[in-house]
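Listing of entry25.csv; format and content: CSV, C-alpha atoms and all ligand atoms.
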```csv
chain,number,residue,atom,x,y,z
A,542,MET,CA,0.7,44.5,5.8
A,543,SER,CA,1.5,40.9,5.5
A,544,VAL,CA,2.2,38.8,8.6
A,545,THR,CA,4.2,35.6,8.4
A,546,THR,CA,3.2,33.0,10.9
A,547,THR,CA,4.4,29.4,11.4
A,548,VAL,CA,1.5,27.1,11.7
A,549,PRO,CA,2.2,23.9,13.6
A,550,GLY,CA,2.0,20.8,11.3
A,551,GLU,CA,2.8,22.7,8.1
A,552,PRO,CA,5.5,20.9,6.1
A,553,VAL,CA,8.9,22.4,6.1
A,554,LEU,CA,10.4,21.8,2.7
A,555,PRO,CA,14.1,21.5,2.0
A,556,ASP,CA,16.1,23.9,-0.1
A,557,VAL,CA,16.9,22.1,-3.3
A,558,LYS,CA,19.1,23.0,-6.3
A,559,MET,CA,17.3,24.1,-9.4
A,560,HIS,CA,18.6,24.7,-13.0
A,561,ALA,CA,21.9,23.0,-12.5
A,562,VAL,CA,21.7,22.6,-16.3
A,563,ARG,CA,19.9,25.2,-18.4
A,564,PRO,CA,17.9,24.0,-21.5
A,565,THR,CA,20.1,26.4,-23.6
A,566,GLU,CA,23.1,24.4,-22.6
A,567,PRO,CA,21.8,20.8,-22.1
A,568,VAL,CA,24.1,17.9,-21.1
A,569,PHE,CA,24.0,14.3,-22.4
A,570,ALA,CA,22.5,11.5,-20.4
A,571,THR,CA,22.7,7.8,-21.5
A,572,ILE,CA,19.6,5.6,-21.5
A,573,THR,CA,20.1,2.6,-19.2
A,574,LYS,CA,16.6,1.1,-19.3
A,575,ASN,CA,13.3,1.6,-21.2
A,576,GLU,CA,10.4,-0.6,-20.3
A,577,ARG,CA,6.6,-0.5,-20.1
A,578,CYS,CA,5.2,0.2,-16.6
A,579,THR,CA,1.5,-0.5,-17.1
A,580,VAL,CA,0.0,-3.4,-15.2
A,581,SER,CA,-1.4,-5.0,-18.4
A,582,LYS,CA,0.0,-5.3,-21.9
A,583,LYS,CA,-3.5,-4.9,-23.3
A,584,THR,CA,-3.9,-1.2,-22.4
A,585,ALA,CA,-4.4,1.5,-25.0
A,586,SER,CA,-2.1,3.8,-23.1
A,587,TYR,CA,1.6,3.4,-23.8
A,588,ILE,CA,3.5,4.5,-20.7
A,589,ARG,CA,7.2,3.7,-20.1
A,590,GLN,CA,9.7,3.9,-17.4
A,591,VAL,CA,12.8,5.4,-18.9
A,592,GLU,CA,16.0,5.4,-16.9
A,593,PHE,CA,19.1,7.4,-17.7
A,594,ASP,CA,22.6,8.0,-16.4
A,595,VAL,CA,23.8,11.5,-15.8
A,596,SER,CA,27.4,10.6,-14.7
A,597,GLY,CA,29.9,13.4,-15.2
A,598,THR,CA,27.3,16.1,-15.4
A,599,PRO,CA,26.1,18.8,-12.9
A,600,LEU,CA,22.9,16.7,-12.5
A,601,VAL,CA,24.6,14.1,-10.3
A,602,GLY,CA,23.0,14.1,-6.9
A,603,VAL,CA,20.7,17.0,-7.4
A,604,CYS,CA,17.5,15.5,-8.8
A,605,ASN,CA,14.7,14.9,-6.2
A,606,PRO,CA,11.3,13.2,-6.6
A,607,GLY,CA,8.8,16.1,-7.0
A,608,GLN,CA,11.2,17.9,-9.3
A,609,ALA,CA,11.2,17.5,-13.1
A,610,ILE,CA,13.9,17.0,-15.7
A,611,GLY,CA,13.9,18.8,-19.1
A,612,VAL,CA,14.3,16.7,-22.2
A,613,LEU,CA,15.2,18.2,-25.7
A,614,ALA,CA,14.1,16.0,-28.6
A,615,GLU,CA,16.3,15.9,-31.7
A,616,GLY,CA,15.2,17.9,-34.7
A,617,ASN,CA,13.2,21.0,-35.5
A,618,ASP,CA,9.6,22.0,-35.2
A,619,ALA,CA,7.3,23.1,-38.1
A,620,THR,CA,8.9,26.6,-38.0
A,621,GLY,CA,12.4,25.2,-38.4
A,622,LYS,CA,13.4,26.0,-34.8
A,623,PRO,CA,14.9,23.3,-32.5
A,624,HIS,CA,12.2,21.6,-30.5
A,625,LYS,CA,11.5,23.2,-27.1
A,626,VAL,CA,12.3,21.5,-23.9
A,627,ARG,CA,9.6,19.3,-22.3
A,628,LEU,CA,9.4,18.6,-18.6
A,629,TYR,CA,9.1,15.1,-17.1
A,630,SER,CA,8.6,14.4,-13.3
A,631,LEU,CA,11.3,12.3,-11.8
A,632,SER,CA,10.0,8.9,-10.6
A,633,SER,CA,13.3,7.9,-8.9
A,634,PRO,CA,14.2,8.3,-5.3
A,635,LYS,CA,16.5,11.1,-4.0
A,636,ASP,CA,19.7,9.2,-4.4
A,637,GLY,CA,18.7,7.9,-7.8
A,638,ILE,CA,18.1,4.3,-8.8
A,639,ASP,CA,21.8,3.4,-8.3
A,640,GLY,CA,21.9,5.0,-4.8
A,641,GLN,CA,24.6,7.4,-5.9
A,642,GLY,CA,22.5,10.0,-7.6
A,643,LYS,CA,23.7,9.1,-11.1
A,644,VAL,CA,20.9,7.1,-12.6
A,645,TYR,CA,17.4,8.6,-12.5
A,646,SER,CA,14.0,7.7,-14.1
A,647,VAL,CA,11.0,9.3,-15.6
A,648,THR,CA,7.5,7.9,-16.4
A,649,VAL,CA,6.5,8.9,-19.9
A,650,LYS,CA,3.2,8.6,-21.6
A,651,ARG,CA,3.3,8.5,-25.4
A,652,SER,CA,1.2,11.5,-26.6
A,653,ILE,CA,-0.9,10.2,-29.5
A,654,ASP,CA,-3.9,12.1,-31.0
A,655,GLU,CA,-6.0,12.0,-34.1
A,656,HIS,CA,-6.1,15.4,-35.8
A,657,TRP,CA,-9.7,16.7,-35.8
A,658,ASP,CA,-9.8,18.1,-39.4
A,659,THR,CA,-7.4,15.8,-41.4
A,660,LYS,CA,-8.1,12.7,-39.3
A,661,LYS,CA,-4.3,12.2,-39.4
A,662,LEU,CA,-2.5,10.8,-36.4
A,663,PHE,CA,-0.5,13.3,-34.4
A,664,MET,CA,2.4,11.9,-32.4
A,665,GLY,CA,3.7,14.2,-29.6
A,666,VAL,CA,7.3,15.1,-30.3
A,667,CYS,CA,9.2,14.5,-27.1
A,668,SER,CA,7.2,11.8,-25.4
A,669,ASN,CA,7.5,9.5,-28.4
A,670,TYR,CA,11.1,10.5,-28.9
A,671,LEU,CA,11.9,9.5,-25.3
A,672,CYS,CA,9.8,6.3,-25.5
A,673,ASP,CA,11.6,5.2,-28.7
A,674,ARG,CA,15.2,5.5,-27.2
A,675,ALA,CA,17.1,2.3,-26.8
A,676,VAL,CA,19.6,1.4,-24.1
A,677,GLY,CA,22.9,3.2,-24.8
A,678,ASP,CA,21.3,6.1,-26.7
A,679,LYS,CA,22.2,9.6,-25.6
A,680,ILE,CA,19.5,12.2,-24.8
A,681,ARG,CA,19.9,15.9,-24.1
A,682,VAL,CA,18.6,16.9,-20.6
A,683,SER,CA,18.4,20.0,-18.4
A,684,GLY,CA,17.1,20.8,-14.9
A,685,PRO,CA,16.1,20.0,-12.3
A,686,ASN,CA,13.0,22.1,-12.2
A,687,GLY,CA,10.7,22.9,-9.3
A,688,LYS,CA,11.2,23.4,-5.6
A,689,ARG,CA,7.7,23.4,-4.1
A,690,PHE,CA,6.5,19.8,-4.6
A,691,LEU,CA,8.8,18.0,-2.3
A,692,LEU,CA,8.8,15.8,0.8
A,693,PRO,CA,9.5,17.7,4.0
A,694,VAL,CA,13.0,18.0,5.5
A,695,ASP,CA,12.0,15.6,8.3
A,696,PRO,CA,9.5,13.1,6.7
A,697,ASN,CA,8.5,11.7,10.1
A,698,LYS,CA,6.9,15.1,11.2
A,699,ASN,CA,4.0,14.8,8.7
A,700,ASP,CA,1.5,12.3,7.4
A,701,TYR,CA,0.9,12.0,3.6
A,702,MET,CA,-2.1,11.6,1.5
A,703,PHE,CA,-1.1,11.3,-2.2
A,704,PHE,CA,-3.5,11.6,-5.1
A,705,ALA,CA,-2.3,10.7,-8.5
A,706,THR,CA,-3.9,10.3,-12.0
A,707,GLY,CA,-1.9,8.8,-14.9
A,708,THR,CA,1.8,9.8,-15.0
A,709,GLY,CA,1.1,11.9,-12.0
A,710,ILE,CA,2.1,8.8,-10.1
A,711,ALA,CA,5.8,9.5,-11.1
A,712,PRO,CA,6.8,11.8,-8.2
A,713,PHE,CA,4.9,9.6,-5.6
A,714,ARG,CA,6.8,6.5,-6.7
A,715,GLY,CA,10.1,8.3,-6.0
A,716,MET,CA,8.8,9.8,-2.7
A,717,LEU,CA,7.5,6.5,-1.5
A,718,LEU,CA,10.8,4.8,-2.2
A,719,ASP,CA,12.4,7.5,-0.1
A,720,LEU,CA,9.9,7.1,2.7
A,721,PHE,CA,10.1,3.3,2.8
A,722,LYS,CA,13.9,3.5,2.7
A,723,ALA,CA,13.9,5.9,5.7
A,724,LYS,CA,11.5,3.5,7.5
A,725,CYS,CA,9.2,6.4,7.9
A,726,THR,CA,6.5,5.6,10.5
A,727,SER,CA,4.1,8.3,9.3
A,728,LYS,CA,0.6,7.5,8.0
A,729,ILE,CA,0.9,7.3,4.2
A,730,THR,CA,-2.1,6.9,1.8
A,731,LEU,CA,-1.8,6.7,-1.9
A,732,VAL,CA,-4.9,7.1,-4.1
A,733,MET,CA,-4.1,6.2,-7.7
A,734,GLY,CA,-6.6,6.9,-10.5
A,735,ALA,CA,-6.8,5.4,-14.0
A,736,PRO,CA,-9.5,5.1,-16.6
A,737,PRO,CA,-9.4,1.3,-17.0
A,738,ALA,CA,-7.6,-0.8,-14.3
A,739,SER,CA,-5.1,-1.9,-17.0
A,740,ASP,CA,-3.7,1.6,-17.0
A,741,LEU,CA,-2.6,1.4,-13.3
A,742,LEU,CA,1.1,2.2,-13.0
A,743,TYR,CA,3.6,0.4,-10.7
A,744,HIS,CA,0.5,-1.4,-9.3
A,745,ASP,CA,2.3,-4.6,-8.2
A,746,PHE,CA,5.0,-2.6,-6.5
A,747,PHE,CA,2.4,-0.6,-4.5
A,748,LEU,CA,0.5,-3.8,-3.6
A,749,ASP,CA,3.7,-5.3,-2.4
A,750,MET,CA,4.6,-2.3,-0.3
A,751,GLN,CA,1.2,-2.4,1.3
A,752,THR,CA,1.9,-5.9,2.6
A,753,LYS,CA,5.4,-4.8,3.9
A,754,PHE,CA,4.5,-1.4,5.5
A,755,PRO,CA,1.4,-1.4,7.8
A,756,ASN,CA,1.5,2.4,7.8
A,757,PHE,CA,0.9,2.5,4.0
A,758,THR,CA,-2.6,2.3,2.5
A,759,TYR,CA,-2.9,1.9,-1.3
A,760,LEU,CA,-6.3,2.7,-2.9
A,761,THR,CA,-7.2,2.7,-6.6
A,762,ALA,CA,-10.0,4.6,-8.4
A,763,ILE,CA,-11.0,3.4,-11.8
A,764,SER,CA,-13.1,5.9,-13.7
A,765,ARG,CA,-14.5,3.7,-16.5
A,766,GLU,CA,-14.9,0.4,-14.8
A,767,LYS,CA,-16.5,-1.1,-11.7
A,768,GLN,CA,-14.0,-1.4,-8.8
A,769,ALA,CA,-12.6,-4.7,-7.6
A,770,ASP,CA,-14.3,-3.9,-4.2
A,771,GLY,CA,-17.7,-3.6,-5.9
A,772,HIS,CA,-18.1,0.2,-6.1
A,773,ASP,CA,-19.1,1.7,-9.4
A,774,GLN,CA,-16.8,3.9,-11.5
A,775,LEU,CA,-14.8,6.2,-9.2
A,776,TYR,CA,-12.5,9.2,-9.6
A,777,VAL,CA,-9.7,9.7,-7.1
A,778,GLN,CA,-11.7,12.2,-5.0
A,779,ASP,CA,-14.6,9.6,-4.6
A,780,ARG,CA,-12.3,7.5,-2.4
A,781,LEU,CA,-12.6,10.3,0.2
A,782,ARG,CA,-16.4,9.4,0.3
A,783,THR,CA,-16.3,5.6,-0.2
A,784,ASN,CA,-13.4,5.2,2.3
A,785,ARG,CA,-14.4,8.1,4.6
A,786,ASP,CA,-14.2,6.1,7.8
A,787,GLN,CA,-10.8,4.8,6.9
A,788,LEU,CA,-9.4,8.2,5.9
A,789,LEU,CA,-11.1,10.6,8.3
A,790,ALA,CA,-8.6,10.2,11.2
A,791,GLN,CA,-5.7,11.0,8.9
A,792,LEU,CA,-7.4,13.9,7.3
A,793,SER,CA,-8.3,15.4,10.6
A,794,ASN,CA,-4.8,15.2,12.0
A,795,ASP,CA,-2.9,18.5,11.7
A,796,ARG,CA,0.2,16.5,10.7
A,797,ASN,CA,-1.4,15.6,7.4
A,798,CYS,CA,-0.4,17.0,4.0
A,799,ILE,CA,-2.2,16.4,0.8
A,800,TYR,CA,-0.1,16.0,-2.4
A,801,ILE,CA,-1.9,16.1,-5.8
A,802,CYS,CA,-0.2,15.2,-9.1
A,803,GLY,CA,-1.6,14.5,-12.6
A,804,LEU,CA,-4.1,16.0,-15.0
A,805,ALA,CA,-4.8,19.7,-14.6
A,806,GLY,CA,-8.4,20.0,-13.2
A,807,MET,CA,-8.2,17.0,-10.9
A,808,GLU,CA,-7.6,19.2,-7.9
A,809,LEU,CA,-11.0,20.8,-8.0
A,810,GLY,CA,-12.9,17.5,-7.5
A,811,ILE,CA,-10.6,16.7,-4.5
A,812,PHE,CA,-11.2,20.1,-3.0
A,813,GLN,CA,-15.0,19.8,-3.4
A,814,GLN,CA,-15.0,16.4,-1.7
A,815,LEU,CA,-12.8,17.8,1.1
A,816,GLY,CA,-15.3,20.6,1.4
A,817,PHE,CA,-18.2,18.1,1.7
A,818,ILE,CA,-16.6,15.9,4.4
A,819,LEU,CA,-14.5,18.4,6.4
A,820,GLN,CA,-16.7,21.6,6.4
A,821,GLY,CA,-17.3,22.6,10.0
A,822,SER,CA,-14.3,20.6,11.2
A,823,THR,CA,-10.8,20.7,9.8
A,824,LEU,CA,-11.3,22.0,6.3
A,825,GLU,CA,-9.4,25.2,7.0
A,826,GLN,CA,-6.3,23.1,7.5
A,827,TYR,CA,-6.3,22.5,3.7
A,828,LEU,CA,-8.5,25.2,2.2
A,829,GLN,CA,-9.3,28.8,3.2
A,830,CYS,CA,-12.6,29.6,1.6
A,831,ASP,CA,-14.8,32.7,1.3
A,832,PRO,CA,-18.0,32.1,3.3
A,833,GLN,CA,-20.0,32.6,0.1
A,834,ALA,CA,-18.1,29.8,-1.7
A,835,LEU,CA,-18.7,27.4,1.2
A,836,ARG,CA,-22.4,27.8,0.7
A,837,ASP,CA,-22.3,26.2,-2.7
A,838,ILE,CA,-19.4,23.7,-2.9
A,839,ARG,CA,-21.2,21.7,-5.6
A,840,HIS,CA,-20.8,24.6,-8.1
A,841,TRP,CA,-17.1,25.4,-7.4
A,842,LYS,CA,-15.2,26.1,-10.6
A,843,ARG,CA,-11.5,26.0,-11.4
A,844,GLU,CA,-11.4,29.8,-11.9
A,845,MET,CA,-12.2,30.1,-8.1
A,846,LEU,CA,-8.9,28.4,-7.1
A,847,HIS,CA,-6.4,30.7,-5.4
A,848,LYS,CA,-9.2,33.4,-5.2
A,849,GLU,CA,-12.3,32.3,-3.3
A,850,ILE,CA,-10.8,28.9,-2.6
A,851,ARG,CA,-7.2,29.1,-1.4
A,852,PRO,CA,-5.2,25.9,-0.7
A,853,THR,CA,-3.0,26.2,2.4
A,854,LYS,CA,0.7,25.1,2.6
A,855,ARG,CA,-0.5,21.6,3.6
A,856,VAL,CA,-1.7,21.1,0.0
A,857,LEU,CA,1.0,20.6,-2.5
A,858,MET,CA,0.1,20.4,-6.2
A,859,GLU,CA,1.8,19.6,-9.5
A,860,VAL,CA,-0.8,19.4,-12.3
A,861,TYR,CA,-0.3,19.7,-16.0
A,862,ALA,CA,-2.3,19.4,-19.3
A,901,LIG,C1,5.9,20.0,-14.5
A,901,LIG,C2,5.5,19.0,-15.5
A,901,LIG,C3,5.7,17.6,-15.3
A,901,LIG,C4,5.4,16.7,-16.3
A,901,LIG,N1,5.6,15.4,-16.1
A,901,LIG,C5,5.2,14.5,-17.0
A,901,LIG,C6,5.4,13.1,-16.7
A,901,LIG,O1,5.9,12.7,-15.7
A,901,LIG,N2,5.1,12.2,-17.7
A,901,LIG,C7,4.6,12.6,-18.9
A,901,LIG,O2,4.3,11.8,-19.8
A,901,LIG,N3,4.4,13.9,-19.2
A,901,LIG,C8,4.7,14.9,-18.3
A,901,LIG,N4,4.5,16.2,-18.5
A,901,LIG,C9,4.0,16.6,-19.9
A,901,LIG,C10,5.2,16.7,-20.9
A,901,LIG,O3,6.0,17.8,-20.5
A,901,LIG,C11,4.7,16.9,-22.3
A,901,LIG,O4,3.9,18.0,-22.3
A,901,LIG,C12,4.0,15.7,-22.9
A,901,LIG,O5,4.9,14.6,-22.9
A,901,LIG,C13,3.7,16.0,-24.4
A,901,LIG,O6,4.8,16.4,-25.1
A,901,LIG,P1,5.1,15.9,-26.6
A,901,LIG,O7,6.3,16.6,-27.0
A,901,LIG,O8,5.1,14.4,-26.7
A,901,LIG,O9,3.9,16.4,-27.3
A,901,LIG,P2,3.7,17.8,-28.2
A,901,LIG,O10,4.4,17.6,-29.5
A,901,LIG,O11,4.2,18.9,-27.3
A,901,LIG,O12,2.2,17.8,-28.4
A,901,LIG,C14,1.3,17.8,-27.2
A,901,LIG,C15,-0.1,17.7,-27.6
A,901,LIG,O13,-0.5,18.8,-28.4
A,901,LIG,C16,-1.4,18.5,-29.4
A,901,LIG,N5,-0.8,19.0,-30.7
A,901,LIG,C17,0.3,19.7,-30.8
A,901,LIG,N6,0.5,20.0,-32.1
A,901,LIG,C18,-0.4,19.4,-32.8
A,901,LIG,C19,-0.7,19.2,-34.2
A,901,LIG,N7,0.0,19.8,-35.2
A,901,LIG,N8,-1.8,18.5,-34.6
A,901,LIG,C20,-2.6,17.9,-33.7
A,901,LIG,N9,-2.4,18.0,-32.3
A,901,LIG,C21,-1.3,18.7,-31.9
A,901,LIG,C22,-1.6,17.1,-29.3
A,901,LIG,O14,-2.8,16.9,-28.5
A,901,LIG,C23,-0.4,16.5,-28.6
A,901,LIG,O15,-0.7,15.3,-27.9
A,901,LIG,C24,4.8,17.1,-17.5
A,901,LIG,C25,4.6,18.5,-17.8
A,901,LIG,C26,4.9,19.4,-16.8
A,901,LIG,C27,4.7,20.9,-17.0
```

Kindly return the structure encoded in the file as structure tokens.
Ligand SMILES: Cc1cc2nc3c(=O)[nH]c(=O)nc-3n(C[C@H](O)[C@H](O)[C@H](O)COP(=O)(O)OP(=O)(O)OC[C@H]3O[C@@H](n4cnc5c(N)ncnc54)[C@H](O)[C@@H]3O)c2cc1C
Amino acid sequence: MSVTTTVPGEPVLPDVKMHAVRPTEPVFATITKNERCTVSKKTASYIRQVEFDVSGTPLVGVCNPGQAIGVLAEGNDATGKPHKVRLYSLSSPKDGIDGQGKVYSVTVKRSIDEHWDTKKLFMGVCSNYLCDRAVGDKIRVSGPNGKRFLLPVDPNKNDYMFFATGTGIAPFRGMLLDLFKAKCTSKITLVMGAPPASDLLYHDFFLDMQTKFPNFTYLTAISREKQADGHDQLYVQDRLRTNRDQLLAQLSNDRNCIYICGLAGMELGIFQQLGFILQGSTLEQYLQCDPQALRDIRHWKREMLHKEIRPTKRVLMEVYA
């Protein structure tokens, strides 16, 4: 028999519209802006902020940060079938960039790989299609997708610890814009990870927000370089260790929620670090673990997630390959 309980402090998420437009019947959106959003022009990653207008379509007013939009590239795949839909997280606030829910944005990384056998360059279909679009071009879109990775109905009732790697920053940019606009007084921490510091996204914006909002803490974790604050290479979860004293009060408060977005696999390291620092105190707020698993946190594996290690409703995740 399953028993449903309401646990104080758990986020109450809004009901949002999904699939207003199906990928089988996409609508046209018009590109309004397409610009690089990395901090440095010297980076080897090509990541762009692409903005588009959905006026006159069922997508007006229904696209929230934390949801994704579907994009259908022109042309056919190797089997002659039209390219399948690809999902991109919205990086715009709830009311869109225009404040009227008509213009939204996504944060797109060009997928570029060298083929192992042939040594030929492989350019991902949809990311490069999207990054190549010019202002005025029409793209076919669907969505929105997802209903579990959202800000709560009343944002002031919770605190937020956001962990992002790469384009995983997209939903947090939108959510933060909404929280700042609402003058949310909650404690908000963003930990952004990137391989070199030149890959940090929207870095100047977050630095600026940190000076304007005393309740907002912005931390970076650079995995292939020394940190500006002198620490060696760090992954996002390492900030829980290096900045433990700064973050512990927020982590220990039952108002706090943890949001994780980015590369699939990143959640495990965060969970292990939570295990190390919160075991015996407030770990259960985030993770319900079998006693056996708790004895050997160092050897946790991804296969154990949702089995021996079960994230609670205070942990919201959107990870992708
Ligand atoms: C919920 C969700 C949200 C997402 N949000 C974002 C986001 O905000 N930003 C973002 O950039 N992405 C996001 N993604 C990922 C995005 O949907 C795409 O998967 C990504 O852009 C790659 O698509 P593509 O069409 O460019 O590449 P594809 O053409 O699909 O290829 C993908 C990869 O497959 C490999 N590959 C495929 N075929 C070959 C081949 N013939 N030879 C060699 N290698 C090959 C390559 O490694 C290539 O890079 C999200 C995914 C999900 C599920």

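Nearest residue to A:Gln641, choosing from A:Ser596, A:Asn794, A:Thr708, A:Asn699 and counting all atoms listed in the file: A:Ser596.
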
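Using all atoms listed in the file for every distance, the candidate list A:Leu760, A:Ile638, A:Leu815, A:Met702 yields A:Met702 as the residue closest to A:Asn797.
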
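If you look at atom CA of A:Arg780 and atom CA of A:Gly821, they are 20.2 Å away from each other.
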
Problem - Close residues, A:Ile818 itself excluded, 10 Å, only C-alpha atoms, min 4 positions apart in chain, as a PyMOL selection string - result: chain A and resi 781-782+785+789+792+813-814+822-824

Handout entry: Spatial neighbours of A:Phe703, 9 Å, only C-alpha atoms, chain gap at least 4 places, as a VMD selection string
Key = chain A and resid 710 713 729 to 733 798 to 802

Exercise for the section: Show which residues sit within 6 Å of stretch 560-563 of chain A, as a ChimeraX atom specification. Count all atoms listed in the file, and ignore same-chain residues fewer than 6 positions away. Expected result: /A:599,683-685

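Minimum atom-to-atom distances from A:Val682, A:Leu828, A:Ala834, A:Leu717 to A:Glu808 were compared using all atoms listed in the file, and the lowest value belongs to A:Leu828.
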